[in-house]
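Shown next: entry_16.cif, given as mmCIF, C-alpha atoms.
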```
data_input
#
loop_
_atom_site.label_atom_id
_atom_site.label_comp_id
_atom_site.auth_asym_id
_atom_site.auth_seq_id
_atom_site.Cartn_x
_atom_site.Cartn_y
_atom_site.Cartn_z
CA MET A 26 164.43 130.23 130.78
CA SER A 27 167.13 128.57 132.85
CA ALA A 28 169.03 125.56 131.67
CA ALA A 29 167.52 123.57 134.50
CA THR A 30 163.99 124.11 133.18
CA GLU A 31 162.70 120.98 131.46
CA ALA A 32 160.75 121.70 128.25
CA LEU A 33 157.79 119.61 127.07
CA THR A 34 157.81 118.01 123.70
CA LEU A 35 154.91 118.82 121.38
CA ARG A 36 153.64 115.28 121.76
CA GLN A 37 153.71 115.58 125.55
CA LEU A 38 151.83 118.88 125.32
CA ASN A 39 149.19 117.39 123.06
CA GLU A 40 148.81 114.36 125.31
CA LEU A 41 148.40 116.70 128.27
CA VAL A 42 145.66 118.59 126.43
CA GLY A 43 143.98 115.31 125.55
CA ALA A 44 144.12 114.07 129.13
CA THR A 45 142.70 117.37 130.37
CA LEU A 46 139.81 117.14 127.92
CA ARG A 47 139.06 113.56 128.92
CA ARG A 48 138.89 114.56 132.59
CA THR A 49 136.52 117.48 131.90
CA PRO A 50 132.93 116.23 132.54
CA GLY A 51 131.29 118.90 130.41
CA LEU A 52 133.17 117.70 127.32
CA GLN A 53 132.37 113.99 127.58
CA GLU A 54 129.12 112.29 126.47
CA VAL A 55 127.47 115.63 125.76
CA TRP A 56 124.57 116.10 123.29
CA VAL A 57 125.09 118.68 120.53
CA THR A 58 123.17 119.74 117.41
CA ALA A 59 124.88 120.46 114.11
CA GLU A 60 124.73 119.88 110.36
CA THR A 61 126.75 117.08 108.77
CA GLY A 62 129.28 117.69 106.05
CA ASP A 63 131.81 115.70 104.01
CA VAL A 64 130.53 112.34 105.33
CA ARG A 65 132.66 109.40 104.16
CA VAL A 66 133.19 105.81 105.25
CA SER A 67 136.57 104.10 105.21
CA GLY A 68 137.52 100.78 106.75
CA GLY A 69 134.16 100.61 108.52
CA HIS A 70 134.81 103.94 110.27
CA CYS A 71 132.79 107.06 109.45
CA TYR A 72 134.58 110.42 109.15
CA LEU A 73 132.70 113.69 108.83
CA GLU A 74 132.62 117.35 109.70
CA LEU A 75 130.15 119.00 112.08
CA ILE A 76 129.05 122.51 111.08
CA GLU A 77 126.90 125.19 112.65
CA LYS A 78 125.59 127.81 110.19
CA ASP A 79 124.08 131.24 110.59
CA PRO A 80 120.30 130.73 110.14
CA ASP A 81 119.99 133.94 108.11
CA THR A 82 123.06 133.94 105.88
CA GLY A 83 124.11 130.30 105.94
CA ALA A 84 127.68 131.30 106.77
CA PRO A 85 129.61 128.83 108.99
CA LEU A 86 129.74 129.81 112.66
CA ALA A 87 131.66 126.76 113.93
CA ARG A 88 133.35 123.61 112.58
CA MET A 89 134.79 120.47 114.13
CA ARG A 90 136.08 117.18 112.76
CA ALA A 91 134.21 114.14 114.00
CA ASN A 92 134.28 110.38 113.70
CA ILE A 93 132.22 107.30 114.43
CA TRP A 94 134.37 104.22 114.99
CA ALA A 95 133.40 101.03 113.21
CA SER A 96 132.34 99.38 116.48
CA ARG A 97 129.51 101.95 116.76
CA TYR A 98 128.90 103.05 113.17
CA ALA A 99 127.07 99.92 111.94
CA TRP A 100 124.60 100.13 114.83
CA LEU A 101 124.12 103.91 114.61
CA SER A 102 123.55 103.90 110.84
CA ARG A 103 120.89 101.15 111.14
CA LYS A 104 119.18 103.05 113.95
CA PHE A 105 119.12 106.25 111.91
CA LEU A 106 117.82 104.52 108.75
CA SER A 107 115.04 102.60 110.51
CA THR A 108 113.64 105.79 112.08
CA THR A 109 114.07 108.35 109.32
CA GLY A 110 114.07 106.11 106.26
CA SER A 111 117.20 107.98 105.20
CA ASN A 112 120.89 107.11 105.15
CA PHE A 113 123.31 108.99 107.38
CA THR A 114 124.80 111.43 104.91
CA SER A 115 125.96 115.02 104.38
CA GLY A 116 123.69 118.04 104.57
CA ILE A 117 121.29 116.89 107.30
CA LYS A 118 120.67 118.31 110.74
CA VAL A 119 121.51 115.90 113.56
CA MET A 120 121.60 115.61 117.33
CA LEU A 121 124.64 113.62 118.45
CA CYS A 122 126.19 112.42 121.67
CA VAL A 123 129.90 113.28 121.46
CA SER A 124 133.05 113.21 123.54
CA VAL A 125 135.72 115.78 122.72
CA THR A 126 139.17 114.24 122.14
CA PHE A 127 142.57 115.61 121.24
CA HIS A 128 144.92 113.39 119.26
CA ALA A 129 148.65 114.11 119.33
CA VAL A 130 148.80 113.97 115.51
CA TYR A 131 145.28 114.71 114.26
CA GLY A 132 144.32 117.34 116.82
CA LEU A 133 140.85 118.17 118.14
CA SER A 134 137.84 116.05 117.11
CA ALA A 135 134.50 114.81 118.37
CA ASN A 136 133.98 111.10 118.89
CA ILE A 137 130.30 110.26 118.23
CA THR A 138 128.77 107.50 120.36
CA ASP A 139 125.01 107.95 119.87
CA ILE A 140 122.43 109.74 117.72
CA ASN A 141 118.86 110.99 118.14
CA PRO A 142 117.18 110.30 114.75
CA GLU A 143 113.90 111.88 115.88
CA TYR A 144 115.61 115.28 115.74
CA THR A 145 116.52 114.79 112.07
CA LEU A 146 113.07 113.43 111.22
CA GLY A 147 111.47 116.44 112.86
CA ASP A 148 113.67 118.80 110.87
CA LEU A 149 112.70 117.13 107.57
CA LEU A 150 109.02 117.38 108.44
CA ARG A 151 109.45 120.97 109.58
CA ARG A 152 110.98 121.99 106.26
CA ARG A 153 108.25 120.20 104.30
CA ASN A 154 105.50 121.80 106.39
CA GLU A 155 107.04 125.22 105.83
CA MET A 156 106.85 124.70 102.07
CA ILE A 157 103.25 123.44 102.32
CA ARG A 158 102.26 126.55 104.28
CA ARG A 159 103.93 128.72 101.65
CA LEU A 160 102.03 127.01 98.84
CA GLN A 161 98.79 127.49 100.78
CA ALA A 162 99.53 131.15 101.49
CA GLU A 163 100.18 131.77 97.79
CA GLY A 164 96.86 130.12 96.91
CA ILE A 165 98.31 127.60 94.46
CA ILE A 166 98.38 124.31 96.36
CA ASP A 167 94.99 123.13 95.00
CA LEU A 168 95.21 124.48 91.45
CA ASN A 169 96.24 121.26 89.71
CA ARG A 170 93.74 119.18 91.69
CA SER A 171 90.95 121.48 90.49
CA LEU A 172 91.63 120.85 86.77
CA PRO A 173 88.96 118.76 84.98
CA TRP A 174 89.97 115.28 83.77
CA PRO A 175 89.00 114.02 80.31
CA ALA A 176 86.61 111.05 80.38
CA VAL A 177 89.45 108.93 78.99
CA PRO A 178 92.95 110.49 79.39
CA TRP A 179 94.64 108.39 76.69
CA ARG A 180 97.35 110.81 75.47
CA VAL A 181 99.93 110.58 78.26
CA ALA A 182 103.21 112.49 78.69
CA VAL A 183 105.53 110.49 80.95
CA ILE A 184 108.43 111.91 82.98
CA SER A 185 110.78 109.18 84.15
CA ALA A 186 114.33 107.93 83.82
CA ARG A 187 114.86 106.14 80.52
CA GLY A 188 115.22 102.39 81.10
CA ALA A 189 114.10 102.58 84.75
CA ALA A 190 112.26 99.56 86.15
CA GLY A 191 109.36 101.74 87.31
CA TYR A 192 108.88 103.12 83.80
CA GLY A 193 108.91 99.60 82.37
CA ASP A 194 106.30 98.44 84.88
CA PHE A 195 104.08 101.40 83.98
CA ILE A 196 104.25 100.76 80.22
CA ASN A 197 103.67 97.00 80.56
CA GLN A 198 100.65 97.54 82.79
CA LEU A 199 99.16 100.25 80.59
CA TYR A 200 99.51 98.53 77.21
CA GLY A 201 98.66 95.06 78.51
CA ASN A 202 95.29 96.05 80.00
CA ARG A 203 92.54 93.43 79.79
CA TYR A 204 90.02 95.87 78.29
CA ARG A 205 92.24 96.36 75.21
CA LEU A 206 92.07 100.11 75.71
CA ARG A 207 94.51 102.02 73.51
CA PHE A 208 96.81 104.64 74.99
CA ARG A 209 99.44 106.85 73.43
CA THR A 210 102.47 107.66 75.58
CA GLU A 211 105.58 109.78 75.03
CA LEU A 212 108.59 109.69 77.37
CA PHE A 213 110.29 112.90 78.46
CA PRO A 214 113.49 111.56 80.10
CA ALA A 215 114.66 113.15 83.34
CA VAL A 216 117.06 112.54 86.22
CA MET A 217 114.95 111.12 89.04
CA GLN A 218 117.27 111.34 92.05
CA GLY A 219 120.07 113.49 93.41
CA GLN A 220 120.61 117.22 93.29
CA ALA A 221 120.01 117.44 89.53
CA ALA A 222 116.54 115.83 89.68
CA ALA A 223 114.43 118.93 90.33
CA ALA A 224 115.99 120.96 87.50
CA SER A 225 115.76 118.00 85.12
CA ILE A 226 112.05 117.42 85.86
CA LEU A 227 111.33 121.14 85.48
CA GLU A 228 112.97 121.05 82.05
CA ALA A 229 110.78 118.09 81.04
CA LEU A 230 107.65 119.88 82.26
CA ASP A 231 108.53 122.95 80.19
CA ALA A 232 108.91 120.75 77.10
CA ILE A 233 105.46 119.23 77.71
CA ALA A 234 103.86 122.65 78.32
CA ALA A 235 105.11 123.80 74.91
CA ARG A 236 102.99 120.99 73.37
CA GLN A 237 100.19 120.83 75.91
CA ASP A 238 97.47 120.45 73.24
CA SER A 239 99.00 117.07 72.33
CA PHE A 240 98.41 115.53 75.76
CA ASP A 241 95.60 114.88 78.24
CA CYS A 242 97.77 114.52 81.35
CA VAL A 243 101.31 114.15 82.73
CA VAL A 244 102.62 111.17 84.71
CA ILE A 245 105.73 111.57 86.93
CA ILE A 246 106.97 108.16 88.08
CA ARG A 247 109.93 106.42 89.68
CA GLY A 248 110.39 103.32 91.80
CA GLY A 249 111.06 103.27 95.53
CA GLY A 250 114.31 103.84 97.38
CA ALA A 251 115.73 105.30 100.53
CA THR A 252 114.14 108.51 101.77
CA ASP A 253 117.22 110.54 100.94
CA ASP A 254 116.92 109.30 97.32
CA LEU A 255 113.50 110.98 97.27
CA ALA A 256 114.67 114.18 98.97
CA SER A 257 114.91 115.95 95.60
CA PHE A 258 111.11 115.79 95.33
CA ASP A 259 110.73 117.92 98.48
CA ASN A 260 111.55 120.97 96.37
CA TYR A 261 109.44 124.13 96.49
CA ASP A 262 110.13 125.30 92.91
CA LEU A 263 109.21 121.89 91.49
CA ALA A 264 106.06 121.64 93.63
CA ALA A 265 104.92 125.16 92.67
CA HIS A 266 105.48 124.41 88.97
CA ILE A 267 103.34 121.25 89.18
CA ALA A 268 100.64 123.07 91.17
CA MET A 269 100.27 125.64 88.38
CA PHE A 270 100.77 123.23 85.46
CA PRO A 271 98.03 123.52 82.79
CA LEU A 272 97.50 119.73 82.51
CA PRO A 273 96.46 117.32 85.29
CA VAL A 274 99.51 115.63 86.84
CA ILE A 275 99.71 112.10 88.29
CA VAL A 276 102.55 111.47 90.73
CA GLY A 277 103.59 107.85 91.39
CA ILE A 278 106.87 107.98 93.28
CA GLY A 279 108.33 105.29 95.52
CA HIS A 280 106.33 102.88 97.64
CA GLU A 281 103.05 103.28 99.51
CA ARG A 282 104.86 104.54 102.62
CA ASP A 283 106.79 107.24 100.70
CA ILE A 284 105.40 110.79 100.78
CA THR A 285 106.94 113.84 99.12
CA LEU A 286 105.93 117.46 98.70
CA LEU A 287 104.71 116.69 95.16
CA ASP A 288 101.97 114.48 96.59
CA TYR A 289 100.34 117.58 98.12
CA VAL A 290 100.04 119.48 94.82
CA ALA A 291 99.51 116.84 92.11
CA GLY A 292 96.08 116.33 90.56
CA MET A 293 96.30 112.64 91.48
CA ARG A 294 98.69 110.89 93.86
CA VAL A 295 99.16 107.11 93.54
CA LYS A 296 101.54 104.88 95.46
CA THR A 297 103.62 103.32 92.63
CA PRO A 298 104.23 103.57 88.85
CA THR A 299 102.06 100.47 88.35
CA ALA A 300 99.25 102.10 90.30
CA ALA A 301 99.46 105.11 87.97
CA ALA A 302 98.78 102.83 84.99
CA GLU A 303 95.95 101.10 86.85
CA TRP A 304 94.31 104.46 87.58
CA LEU A 305 94.36 105.44 83.89
CA ILE A 306 92.99 102.04 82.89
CA GLY A 307 90.23 102.40 85.47
CA ARG A 308 89.15 105.72 83.95
CA GLY A 309 88.93 104.11 80.52
CA ALA A 310 87.04 101.08 81.83
CA ASP A 311 84.49 103.33 83.56
CA ALA A 312 83.90 105.28 80.35
CA LEU A 313 83.55 102.04 78.37
CA GLY A 314 81.03 100.68 80.85
CA ALA A 315 78.99 103.88 80.72
CA LEU A 316 78.97 103.74 76.91
CA GLN A 317 77.80 100.13 76.91
CA THR A 318 75.03 100.94 79.39
CA THR A 319 73.84 103.84 77.23
CA GLY A 320 73.90 101.69 74.11
CA ASN A 321 71.84 98.96 75.78
CA ALA A 322 69.32 101.52 77.02
CA ILE A 323 68.94 102.95 73.50
CA LEU A 324 68.49 99.48 72.03
CA GLU A 325 65.82 98.57 74.57
CA ALA A 326 63.98 101.88 74.09
CA VAL A 327 63.97 101.63 70.28
CA SER A 328 62.89 97.99 70.37
CA GLY A 329 60.02 98.85 72.69
CA ARG A 330 58.86 101.75 70.52
CA LEU A 331 59.02 99.60 67.39
CA ALA A 332 57.02 96.81 69.01
CA LEU A 333 54.34 99.28 70.15
CA ALA A 334 54.18 100.85 66.69
CA HIS A 335 53.74 97.41 65.09
CA ARG A 336 50.86 96.58 67.45
CA ARG A 337 49.11 99.89 66.72
CA LEU A 338 49.54 99.39 62.99
CA GLU A 339 48.03 95.91 63.14
CA TYR A 340 45.13 97.16 65.25
CA ALA A 341 44.45 100.03 62.83
CA ALA A 342 44.61 97.72 59.81
CA GLY A 343 42.05 95.44 61.41
CA ARG A 344 39.70 98.22 62.44
CA LEU A 345 39.65 100.28 59.22
CA PRO A 346 37.43 97.96 57.08
CA LEU A 347 34.85 97.67 59.85
CA LEU A 348 34.78 101.40 60.51
CA THR A 349 34.45 102.19 56.80
CA HIS A 350 31.52 99.80 56.32
CA ALA A 351 29.72 101.19 59.37
CA VAL A 352 30.17 104.79 58.22
CA LEU A 353 28.86 103.96 54.76
CA GLU A 354 25.80 102.21 56.13
CA ARG A 355 24.91 105.12 58.41
CA ALA A 356 25.41 107.63 55.59
CA ALA A 357 23.23 105.63 53.19
CA MET A 358 20.43 105.54 55.68
CA ARG A 359 20.57 109.34 56.15
CA THR A 360 21.20 110.68 52.63
CA GLY A 361 20.26 108.12 50.05
CA ARG A 362 22.23 106.84 47.01
CA PRO A 363 23.77 110.11 45.54
CA ALA A 364 25.19 111.13 48.87
CA ARG A 365 26.36 107.59 49.42
CA GLU A 366 28.37 107.63 46.18
CA SER A 367 29.96 110.95 47.16
CA LEU A 368 30.76 109.61 50.58
CA VAL A 369 32.29 106.47 49.09
CA ARG A 370 34.60 108.57 46.96
CA ALA A 371 35.59 110.72 49.96
CA VAL A 372 36.24 107.68 52.10
CA ALA A 373 38.21 106.05 49.30
CA THR A 374 40.39 109.16 49.01
CA LEU A 375 40.90 109.23 52.79
CA LEU A 376 41.72 105.54 52.82
CA SER A 377 44.26 106.06 50.05
CA ARG A 378 46.07 108.80 51.99
CA HIS A 379 46.11 106.76 55.18
CA THR A 380 47.30 103.70 53.27
CA GLU A 381 50.22 105.68 51.85
CA ARG A 382 51.07 107.03 55.30
CA LEU A 383 50.89 103.56 56.82
CA GLY A 384 53.14 102.29 54.05
CA ALA A 385 55.71 104.99 54.80
CA LEU A 386 55.56 104.22 58.52
CA ASP A 387 55.99 100.52 57.79
CA THR A 388 59.06 101.26 55.66
CA LEU A 389 60.53 103.40 58.48
CA LEU A 390 59.81 100.77 61.10
CA ARG A 391 61.44 98.09 59.00
CA SER A 392 64.59 100.21 58.51
CA LEU A 393 64.85 100.79 62.27
CA SER A 394 64.11 97.20 63.25
CA PRO A 395 66.79 94.95 64.83
CA GLU A 396 66.59 92.75 61.74
CA ALA A 397 67.64 95.67 59.55
CA THR A 398 70.52 96.42 61.93
CA LEU A 399 71.64 92.79 61.62
CA ARG A 400 71.54 92.99 57.81
CA ARG A 401 73.97 95.96 57.98
CA GLY A 402 76.63 93.68 59.49
CA PHE A 403 75.93 93.97 63.23
CA SER A 404 75.18 91.03 65.51
CA ILE A 405 73.62 90.39 68.92
CA THR A 406 75.26 88.01 71.42
CA ARG A 407 72.98 86.44 74.02
CA ILE A 408 73.39 84.24 77.09
CA ASP A 409 70.23 82.34 78.04
CA GLY A 410 68.15 84.70 75.89
CA ARG A 411 69.50 87.97 77.35
CA ALA A 412 71.88 90.34 75.59
CA LEU A 413 75.55 90.07 76.58
CA SER A 414 76.89 93.55 77.52
CA SER A 415 80.09 92.78 79.45
CA CYS A 416 82.99 90.35 79.05
CA ALA A 417 82.78 89.74 82.79
CA ASP A 418 79.41 87.96 82.24
CA ALA A 419 80.95 85.38 79.88
CA ALA A 420 83.11 83.07 81.97
CA PRO A 421 85.05 80.24 80.28
CA GLY A 422 82.68 77.41 79.47
CA THR A 423 79.63 79.68 78.99
CA HIS A 424 77.41 78.85 75.98
CA ILE A 425 76.59 81.92 73.89
CA THR A 426 74.38 82.53 70.87
CA THR A 427 75.38 85.06 68.19
CA VAL A 428 72.41 86.28 66.11
CA LEU A 429 73.20 87.39 62.54
CA ALA A 430 70.93 88.53 59.73
CA ASP A 431 70.69 85.05 58.18
CA GLY A 432 70.84 82.79 61.22
CA GLU A 433 72.47 82.02 64.53
CA ILE A 434 75.91 80.81 65.65
CA HIS A 435 76.20 78.79 68.88
CA SER A 436 79.57 79.02 70.64
CA THR A 437 81.34 78.17 73.88
CA VAL A 438 83.67 80.73 75.56
CA ASN A 439 87.25 79.45 75.88
CA GLN A 440 88.97 82.62 77.11
#
```
Show how you would write the structure in this file as C-alpha cells.
Amino acid sequence: MSAATEALTLRQLNELVGATLRRTPGLQEVWVTAETGDVRVSGGHCYLELIEKDPDTGAPLARMRANIWASRYAWLSRKFLSTTGSNFTSGIKVMLCVSVTFHAVYGLSANITDINPEYTLGDLLRRRNEMIRRLQAEGIIDLNRSLPWPAVPWRVAVISARGAAGYGDFINQLYGNRYRLRFRTELFPAVMQGQAAAASILEALDAIAARQDSFDCVVIIRGGGATDDLASFDNYDLAAHIAMFPLPVIVGIGHERDITLLDYVAGMRVKTPTAAAEWLIGRGADALGALQTTGNAILEAVSGRLALAHRRLEYAAGRLPLLTHAVLERAAMRTGRPARESLVRAVATLLSRHTERLGALDTLLRSLSPEATLRRGFSITRIDGRALSSCADAAPGTHITTVLADGEIHSTVNQ
C-alpha cells in the first residue's frame, strides 16, 4: 500500500457498514420468525437474543442480538399481553418486524418495531393440541373422567402452595358451608408456577397415591395469573399422570377464562379454587337431600301401614262377638246341646289363640308407632301441620311446632 493511500479507521468502517445496511431495502422493516432468549428490561428498553433452532435436535442454527427501544416497548408489550394473555418473555416463538442495524461499538443487531402476537398464540395452541392428540392416541385422556365418584367425597387431598390465597379461599368455603357438612382435608404442598411446578406436583401426586385408601379425591388448585404463569400446567408428563391417577382429580386453576392441558384430563374441571369447594359441597348437599327424602318416604309408609293395621284390628274386635254368637246359634239348632258345648269349647280355644295373636300384633304396632319413636328421644318438627324436611322451608319469622313424647314446643325461627 502506498503512503498516499488513506486508510479507514475502524469506526469509519463500521459506520460505512451501518449506512450500507440502512440503505438496503431487504434489511429494513422485514418480518422474521424466531425464538426469544435472554429477555431483560433495563431503563425501559428491552434487550434480548433471537434464536433459530433445528426442529429435530434443538441445536441453534442462527443467533442475533435484538432490542426494543423504550418508545416502542411499552406499546408492544401491552399488545402482546392483551392478545396472548402472556408476558413477552424468553422461550417463546415470535414473529417480529425488524430492521438490521450495525453499531460502531456494539456491532450487528436487530431493532424490533412491531410484533404479531397471533403467531405466538397459534404456536401455544399448536403445542397443546399436539399433546391432546397424543393423549387420545394413547387411549388415556378419558381415564380419570371415567372413575366413579363417592356419593360424598369428604376425604380430600389438596395440592396447592402453602399459604396461597387460592388455598385459603378453598378451605374457608369448604369448612364454612351452610349445610354444616364435615370434610377432612390434607395439604400436599407444591410449587404452583415456574419450571419447577410440574415436577413438584408430580411428587405430591406420588405421595397421595402411596396412601390412596385414605382419600376420596384429589384437588389441584391455584389462583389466577398471567398465561405464562400457567404455562407449567401445559405439561404432557403431568397431564398423563393425572389421566391415569387412581383417584378422581378436580382441577381449579386460574380464572374462568384460563384453560390448561390438565383441564382436558381431570375428572372434574372447575374455574377457581372456590368453585372446587362449592362442587364438593354440592355433592354432599345432594346426598343429604336424597337421604332426607328417603327418610320421609319411610316415615309416611310406616305411618300408613300402622293406621291401616289399627283400623283392621278395631274392625275385627267389633265383629268377633257377633260372629261367635251367630255360629253358636246355628250350631245349636243343628246338633243340640252336647254338640253345642263342644262347639263352645272349640270356639273358646280359637278365640283365645286369636286374642293372643291380636295382643302380640298390638304390642308390635305400639312399638313401631310414632309415639314410641318420640319416647325414644326423637321429635317431629311441623310447619302448619306438615313435617319440616328442609332448612330452606323455615325462613326467619316462621312459626314451628316441635312434637315430643310428652307435649309440644312452639317456636319462631330466628336464623
Quiz item: Which one is closest to Gly292 (chain A): A:Asp167, A:Asp259, A:Glu155, A:Asp431? Count only C-alpha atoms.
Solution: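 For Gly292 (chain A), the nearest of the candidates is A:Asp167.
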Exercise. Go ahead and find all residues with at least one atom no further than 7 Å from (137.6, 117.4, 114.1) in the file's coordinates, using only C-alpha atoms; report them as a ChimeraX atom specification.
Key: /A:74,89-91,133-135
Exercise. Please provide the set of residues having any atom within 12 Å of region 199-210 of chain A, restricted to all atoms listed in the file, with same-chain residues fewer than 6 positions apart removed, written as an NGL selection string.
Key: :A and (177-184 or 192-193 or 239-244 or 298-314 or 415-417 or 440)
Quiz item: With only C-alpha atoms as the basis for distance, which of A:Phe113, A:Ser328, A:Ala223, A:Thr374 is at the shortest distance from Tyr261 (chain A)?
Solution: A:Ala223
Practice problem: Evaluate the PyMOL selection byres ((chain A and resi 218) around 10) on the structure here and hand back the selected residues as a PyMOL selection string. | Solution: chain A and resi 186+215-217+219-223+225+247+250+253-258
